[in-house]
Structure formats: structure tokens, C-alpha cells
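Novice: Sharing a structure, written as C-alpha cells. Questions coming.
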Amino acid sequence: MEQNMHLPEDLKPVIDFHGHFCPGVLIGWRASKLALKLLGVGRDRDEELVAITENDACGVDAVQYVLGCTFGKGNLVFRDYGKQAFTVFRRSDGKGVRLVLKAPGRELTREESARRLLEESDEALFSVGEPKEPMPERAVIRTSAYCDACGERAMETRIRTMEDGRRLCVPCAEIG
Ligand SMILES: [Zn+2]
Ligand SMILES: [Zn+2]
């Protein structure tokens, strides 16, 4: 699909990271760049950002690549809402923005959708609003505990105490 499209230089490494070219990765790329612009943060910043993504689709790879917000670092939070919405906070002062992809006027083909995401203005693509939830806490080092059923270690915060007093990990608690 990208053969007959002009791709900006800064998009190419994002596509490499994601593994293929698709409209989804473009959504995350545009949203991430807009968030940087709105928060006044450059790509080579020391500034720490934290992102909340309301979907787990292709665009999240661009969020990880462009914003440096990753699950491993604990500054990427996933809300399973199935929305093309991304909230980004600047840690230093807690300023945040929530960007929601606007629906196009009509159904678009994949190619039209990709073109729209490459060519349209930020204003045409996203509604910008206030975050819907507070800035997530900084990742803390959590203690772990042993599950009374399987004996494996799990983060203390994920261990559940059952009615009979046993302390179980999530999968064991679900079996009961
Ligand atoms: Zn994709
Ligand atoms: Zn267990």
C-alpha cells in the first residue's frame, strides 16, 4: 500500500518497529506527534511522559516508539475500551491531553484511510480534550508473595485473599 505514497522520514523507523505499514500505526504516529507538540516536548527530551491508550491495536506501537512510553517501563497504561483515544501526560507538572481520532465523513478504504492520516491536519484528525482520569502513579517496585496453590511468585498487588484465608495468584483464584 505504501509503494505509491510519500512517507515522511520520521515515520519509517516507526513502521520498521511495528513490522508493517497500516492505517493503525499511522493513527498512533500522528497522535504521538500531536501530543509532543501540545505538551511542548521534543523527541530528544529528558522529560518523562506517561501515556494511557484506550486500545491495544497497531497504533500503540507508534506510541511506544515515538513517546518512549512502554509497558516495561511502566509509563504505558492500557484501558480496554476499544477507542482510538490516547492520553499523554508530562510527568514534571502533570499537564496532559487526551486525543480522540475523529471519524471520517464516510467509510474509507484502507488506502484512503492511510492517505487521510498522512495528509490531513491535526485539527481534521483529532479532537483534543482534557484527560479523563488522573495521571497514573509512577511505577513502584512491588514486593512479591507466593501463591498458596501453585507456589509461584506473583506481585503482592495481584495476590488475592480467598474466603478460606488462602492467598492465591490470579489464575489459581479464578479456578477457586
Ligand atoms: Zn499494523
Ligand atoms: Zn497460583
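As shown in the C-alpha cells, the chain order sets the letters A, B, ...; within each chain, residues go from 1, and ligands are also counted from 1 in the order they appear.
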Can you tell me, as a PDB file with N, CA and C atoms, in the first residue's frame, what residues are no more than 9 Å from Ala31 of chain A when counting only C-alpha atoms, ignoring any on the same chain fewer than 3 positions away?
Specialist:
```pdb
ATOM      1  N   LEU A  26      -0.364   4.563  11.695  1.00  0.00           N
ATOM      2  CA  LEU A  26      -0.379   6.000  11.378  1.00  0.00           C
ATOM      3  C   LEU A  26      -1.184   6.791  12.416  1.00  0.00           C
ATOM      4  N   ILE A  27      -2.250   6.189  12.915  1.00  0.00           N
ATOM      5  CA  ILE A  27      -3.051   6.870  13.951  1.00  0.00           C
ATOM      6  C   ILE A  27      -2.175   7.144  15.174  1.00  0.00           C
ATOM      7  N   GLY A  28      -1.452   6.124  15.613  1.00  0.00           N
ATOM      8  CA  GLY A  28      -0.596   6.289  16.790  1.00  0.00           C
ATOM      9  C   GLY A  28       0.552   7.253  16.547  1.00  0.00           C
ATOM     10  N   LEU A  34       1.333  14.782  17.773  1.00  0.00           N
ATOM     11  CA  LEU A  34       0.476  15.887  18.213  1.00  0.00           C
ATOM     12  C   LEU A  34       0.603  16.084  19.730  1.00  0.00           C
ATOM     13  N   ALA A  35       0.672  14.984  20.449  1.00  0.00           N
ATOM     14  CA  ALA A  35       0.827  15.088  21.910  1.00  0.00           C
ATOM     15  C   ALA A  35       2.137  15.790  22.261  1.00  0.00           C
ATOM     16  N   LEU A  36       3.211  15.449  21.574  1.00  0.00           N
ATOM     17  CA  LEU A  36       4.505  16.109  21.821  1.00  0.00           C
ATOM     18  C   LEU A  36       4.388  17.604  21.559  1.00  0.00           C
ATOM     19  N   GLY A  59      -1.634   1.159  16.563  1.00  0.00           N
ATOM     20  CA  GLY A  59      -1.170   2.496  16.912  1.00  0.00           C
ATOM     21  C   GLY A  59      -0.341   2.539  18.189  1.00  0.00           C
ATOM     22  N   ALA A  62       3.349   2.725  17.766  1.00  0.00           N
ATOM     23  CA  ALA A  62       3.878   4.061  17.475  1.00  0.00           C
ATOM     24  C   ALA A  62       4.000   4.873  18.758  1.00  0.00           C
ATOM     25  N   VAL A  63       3.046   4.725  19.646  1.00  0.00           N
ATOM     26  CA  VAL A  63       3.110   5.422  20.942  1.00  0.00           C
ATOM     27  C   VAL A  63       4.385   4.990  21.684  1.00  0.00           C
ATOM     28  N   ALA A  85      -8.312   6.463  21.226  1.00  0.00           N
ATOM     29  CA  ALA A  85      -8.077   7.612  22.104  1.00  0.00           C
ATOM     30  C   ALA A  85      -6.783   7.392  22.875  1.00  0.00           C
ATOM     31  N   PHE A  86      -6.022   8.453  22.992  1.00  0.00           N
ATOM     32  CA  PHE A  86      -4.708   8.391  23.647  1.00  0.00           C
ATOM     33  C   PHE A  86      -4.573   9.598  24.568  1.00  0.00           C
ATOM     34  N   LEU A  99      -6.382  12.764  23.187  1.00  0.00           N
ATOM     35  CA  LEU A  99      -6.630  12.917  21.760  1.00  0.00           C
ATOM     36  C   LEU A  99      -7.537  11.784  21.294  1.00  0.00           C
ATOM     37  N   VAL A 100      -8.583  12.155  20.600  1.00  0.00           N
ATOM     38  CA  VAL A 100      -9.518  11.151  20.085  1.00  0.00           C
ATOM     39  C   VAL A 100      -9.590  11.306  18.579  1.00  0.00           C
ATOM     40  N   LEU A 101      -9.392  10.212  17.878  1.00  0.00           N
ATOM     41  CA  LEU A 101      -9.458  10.246  16.417  1.00  0.00           C
ATOM     42  C   LEU A 101     -10.876  10.556  15.971  1.00  0.00           C
ATOM     43  N   ASP A 122      -3.789  18.149  11.891  1.00  0.00           N
ATOM     44  CA  ASP A 122      -4.078  17.628  13.236  1.00  0.00           C
ATOM     45  C   ASP A 122      -5.528  17.900  13.616  1.00  0.00           C
ATOM     46  N   LEU A 125      -7.961  15.577  12.118  1.00  0.00           N
ATOM     47  CA  LEU A 125      -7.858  14.182  12.555  1.00  0.00           C
ATOM     48  C   LEU A 125      -8.279  13.946  14.004  1.00  0.00           C
ATOM     49  N   PHE A 126      -7.961  14.894  14.886  1.00  0.00           N
ATOM     50  CA  PHE A 126      -8.153  14.617  16.318  1.00  0.00           C
ATOM     51  C   PHE A 126      -8.961  15.699  17.028  1.00  0.00           C
TER      52      PHE A 126
END
```
Novice: How would you report the residues lying within 7 Å of ligand 1, as a list in words, if you count only C-alpha atoms and all ligand atoms?
Specialist: His18, His20, Phe21, Cys22, Pro23, Gly24, Val25 and Cys58 of chain A
Novice: Just C-alpha atoms for this one: save the residues we selected as a short mmCIF file (atom, residue, chain, number, x, y, z; two decimals), in the first residue's frame.
Specialist:
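Final output, part33.cif:
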```
data_model
loop_
_atom_site.label_atom_id
_atom_site.label_comp_id
_atom_site.auth_asym_id
_atom_site.auth_seq_id
_atom_site.Cartn_x
_atom_site.Cartn_y
_atom_site.Cartn_z
CA HIS A 18 5.73 -2.12 14.08
CA HIS A 20 4.16 -3.39 8.57
CA PHE A 21 2.54 -0.30 7.10
CA CYS A 22 -1.09 0.14 8.09
CA PRO A 23 -3.58 2.91 8.89
CA GLY A 24 -3.49 1.88 12.56
CA VAL A 25 0.18 2.63 13.05
CA CYS A 58 -1.38 -1.16 15.86
#
```
Novice: Segment 9-89 of chain A: which residues are helix (DSSP H, G or I) by DSSP, as an MDAnalysis selection string?
Specialist: chainID A and resid 9:18 23:39 59:67
Novice: As an exercise, work out the distance from atom CA of Lys83 of chain A to atom CA of Asp10 of chain A in Å and give it to one decimal place.
Specialist: 25.1 Å
Novice: List the spatial neighbours of Val50 of chain A as a list in words - criterion: any atom at most 9 Å away, only C-alpha atoms, same-chain residues fewer than 4 positions off excluded.
Specialist: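 The neighbour list is Leu67, Gly68, Cys69, Thr70, Gly74, Asn75, Leu76, Val77, Thr87, Val88, Phe89, Arg90, Arg91, Met135, Pro136 and Arg138 of chain A.
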Novice: Generate a file of the selected residues that holds C-alpha atoms, formatted as an mmCIF file, in the first residue's frame.
Specialist:
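Below you can see again32.cif, which holds the result:
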```
data_model
loop_
_atom_site.group_PDB
_atom_site.id
_atom_site.type_symbol
_atom_site.label_atom_id
_atom_site.label_comp_id
_atom_site.auth_asym_id
_atom_site.auth_seq_id
_atom_site.Cartn_x
_atom_site.Cartn_y
_atom_site.Cartn_z
ATOM 1 C CA LEU A 67 6.878 8.705 23.041
ATOM 2 C CA GLY A 68 9.086 6.137 24.735
ATOM 3 C CA CYS A 69 6.094 5.032 26.782
ATOM 4 C CA THR A 70 6.292 1.261 27.204
ATOM 5 C CA GLY A 74 5.595 1.259 33.451
ATOM 6 C CA ASN A 75 4.679 4.518 31.716
ATOM 7 C CA LEU A 76 2.127 2.983 29.367
ATOM 8 C CA VAL A 77 -1.302 2.144 30.716
ATOM 9 C CA THR A 87 -3.955 10.429 26.749
ATOM 10 C CA VAL A 88 -0.424 11.696 27.314
ATOM 11 C CA PHE A 89 0.890 13.384 30.458
ATOM 12 C CA ARG A 90 4.090 15.280 31.137
ATOM 13 C CA ARG A 91 5.419 13.977 34.463
ATOM 14 C CA MET A 135 -2.029 10.889 35.807
ATOM 15 C CA PRO A 136 -1.007 7.299 36.635
ATOM 16 C CA ARG A 138 4.990 6.336 38.879
#
```
Novice: What does the list of residues within 8 Å of ligand 2 look like if you count only C-alpha atoms and all ligand atoms, written as an NGL selection string?
Specialist: :A and (146-153 or 168-173)
Novice: Which is closest to Leu7 of chain A among A:Val66, A:Leu118, A:Val60, A:Leu39, if we use only C-alpha atoms?
Specialist: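 Distance minimum relative to Leu7 of chain A lands on A:Leu118.
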Novice: What's the 10 Å shell around Pro134 of chain A, counting only C-alpha atoms, without same-chain residues fewer than 2 positions away, as a compact mmCIF listing (two decimals) with C-alpha atoms, in the first residue's frame?
Specialist:
```
# COMPACT_ATOMS: atom_id res chain seq x y z
CA PHE A 89 0.89 13.38 30.46
CA GLY A 94 1.12 16.68 35.33
CA GLY A 96 -1.99 16.11 29.99
CA PRO A 131 -7.58 13.76 30.39
CA LYS A 132 -10.48 11.68 31.70
CA PRO A 136 -1.01 7.30 36.63
CA GLU A 137 1.34 6.87 39.59
```
Novice: Using the chain letters and numbers from this document, which residues of segment 24-170 of chain A does DSSP assign to strand (DSSP E or B), as a VMD selection string?
Specialist: chain A and resid 49 to 53 76 to 78 85 to 90 96 to 101 126 to 129 144 to 146 153 to 155 160 to 161 167 to 168
Novice: Could you take the residues named above and write them with N, CA and C atoms, as a tab-separated table (two decimals), in the first residue's frame?
Specialist:
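Writing the result to selection06.tsv gives the following:
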```
chain	number	residue	atom	x	y	z
A	49	LEU	N	7.32	11.04	30.02
A	49	LEU	CA	5.91	11.07	29.64
A	49	LEU	C	5.23	9.81	30.13
A	50	VAL	N	3.95	9.88	30.30
A	50	VAL	CA	3.19	8.69	30.61
A	50	VAL	C	1.95	8.71	29.72
A	51	ALA	N	1.65	7.57	29.12
A	51	ALA	CA	0.54	7.50	28.16
A	51	ALA	C	-0.51	6.50	28.62
A	52	ILE	N	-1.75	6.84	28.33
A	52	ILE	CA	-2.85	5.89	28.53
A	52	ILE	C	-3.44	5.63	27.15
A	53	THR	N	-3.44	4.38	26.73
A	53	THR	CA	-4.03	4.04	25.43
A	53	THR	C	-5.34	3.31	25.67
A	76	LEU	N	3.19	3.20	30.35
A	76	LEU	CA	2.13	2.98	29.37
A	76	LEU	C	1.03	2.20	30.06
A	77	VAL	N	-0.16	2.77	30.05
A	77	VAL	CA	-1.30	2.14	30.72
A	77	VAL	C	-2.32	1.80	29.65
A	78	PHE	N	-2.85	0.58	29.71
A	78	PHE	CA	-3.83	0.13	28.73
A	78	PHE	C	-5.21	0.08	29.35
A	85	ALA	N	-8.31	6.46	21.23
A	85	ALA	CA	-8.08	7.61	22.10
A	85	ALA	C	-6.78	7.39	22.87
A	86	PHE	N	-6.02	8.45	22.99
A	86	PHE	CA	-4.71	8.39	23.65
A	86	PHE	C	-4.57	9.60	24.57
A	87	THR	N	-4.21	9.34	25.81
A	87	THR	CA	-3.96	10.43	26.75
A	87	THR	C	-2.46	10.43	27.06
A	88	VAL	N	-1.86	11.60	27.03
A	88	VAL	CA	-0.42	11.70	27.31
A	88	VAL	C	-0.21	12.78	28.37
A	89	PHE	N	0.56	12.44	29.40
A	89	PHE	CA	0.89	13.38	30.46
A	89	PHE	C	2.39	13.66	30.46
A	90	ARG	N	2.72	14.89	30.89
A	90	ARG	CA	4.09	15.28	31.14
A	90	ARG	C	4.29	15.14	32.64
A	96	GLY	N	-1.64	17.22	30.87
A	96	GLY	CA	-1.99	16.11	29.99
A	96	GLY	C	-3.00	16.50	28.94
A	97	VAL	N	-3.03	15.72	27.87
A	97	VAL	CA	-4.03	15.92	26.82
A	97	VAL	C	-4.61	14.57	26.42
A	98	ARG	N	-5.86	14.57	26.03
A	98	ARG	CA	-6.48	13.35	25.51
A	98	ARG	C	-6.88	13.62	24.07
A	99	LEU	N	-6.38	12.76	23.19
A	99	LEU	CA	-6.63	12.92	21.76
A	99	LEU	C	-7.54	11.78	21.29
A	100	VAL	N	-8.58	12.16	20.60
A	100	VAL	CA	-9.52	11.15	20.09
A	100	VAL	C	-9.59	11.31	18.58
A	101	LEU	N	-9.39	10.21	17.88
A	101	LEU	CA	-9.46	10.25	16.42
A	101	LEU	C	-10.88	10.56	15.97
A	126	PHE	N	-7.96	14.89	14.89
A	126	PHE	CA	-8.15	14.62	16.32
A	126	PHE	C	-8.96	15.70	17.03
A	127	SER	N	-9.80	15.25	17.96
A	127	SER	CA	-10.35	16.18	18.95
A	127	SER	C	-9.41	16.15	20.13
A	128	VAL	N	-9.13	17.32	20.66
A	128	VAL	CA	-8.21	17.43	21.79
A	128	VAL	C	-9.01	17.82	23.02
A	129	GLY	N	-8.86	17.05	24.07
A	129	GLY	CA	-9.59	17.37	25.30
A	129	GLY	C	-8.72	17.16	26.52
A	144	SER	N	6.81	-9.21	46.18
A	144	SER	CA	6.05	-10.35	45.68
A	144	SER	C	5.76	-11.32	46.81
A	145	ALA	N	4.82	-12.21	46.50
A	145	ALA	CA	4.39	-13.18	47.50
A	145	ALA	C	4.18	-14.51	46.79
A	146	TYR	N	4.17	-15.60	47.56
A	146	TYR	CA	3.97	-16.93	46.96
A	146	TYR	C	2.49	-17.29	47.00
A	153	ARG	N	5.64	-17.32	42.43
A	153	ARG	CA	5.68	-15.97	42.98
A	153	ARG	C	4.91	-15.02	42.07
A	154	ALA	N	4.21	-14.08	42.68
A	154	ALA	CA	3.49	-13.06	41.91
A	154	ALA	C	3.58	-11.74	42.67
A	155	MET	N	3.36	-10.64	41.95
A	155	MET	CA	3.37	-9.34	42.62
A	155	MET	C	2.32	-9.35	43.73
A	160	ARG	N	-4.65	-12.55	45.63
A	160	ARG	CA	-5.96	-12.33	46.23
A	160	ARG	C	-6.12	-13.21	47.48
A	161	THR	N	-6.76	-12.65	48.48
A	161	THR	CA	-7.03	-13.44	49.68
A	161	THR	C	-8.43	-14.02	49.55
A	167	ARG	N	-4.06	-17.41	50.11
A	167	ARG	CA	-3.67	-16.27	49.28
A	167	ARG	C	-3.22	-16.81	47.93
A	168	LEU	N	-3.98	-16.47	46.89
A	168	LEU	CA	-3.78	-17.09	45.58
A	168	LEU	C	-3.44	-16.08	44.49
```
Novice: Mind pulling up the distance from atom CA of Lys12 of chain A to atom CA of Gly40 of chain A?
Specialist: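 Distance reported for this atom pair: 23.0 Å.
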Novice: For atom CA of Arg115 of chain A and atom CA of Gly82 of chain A, determine how far apart the two atoms are, in Å to one decimal place.
Specialist: 22.7 Å
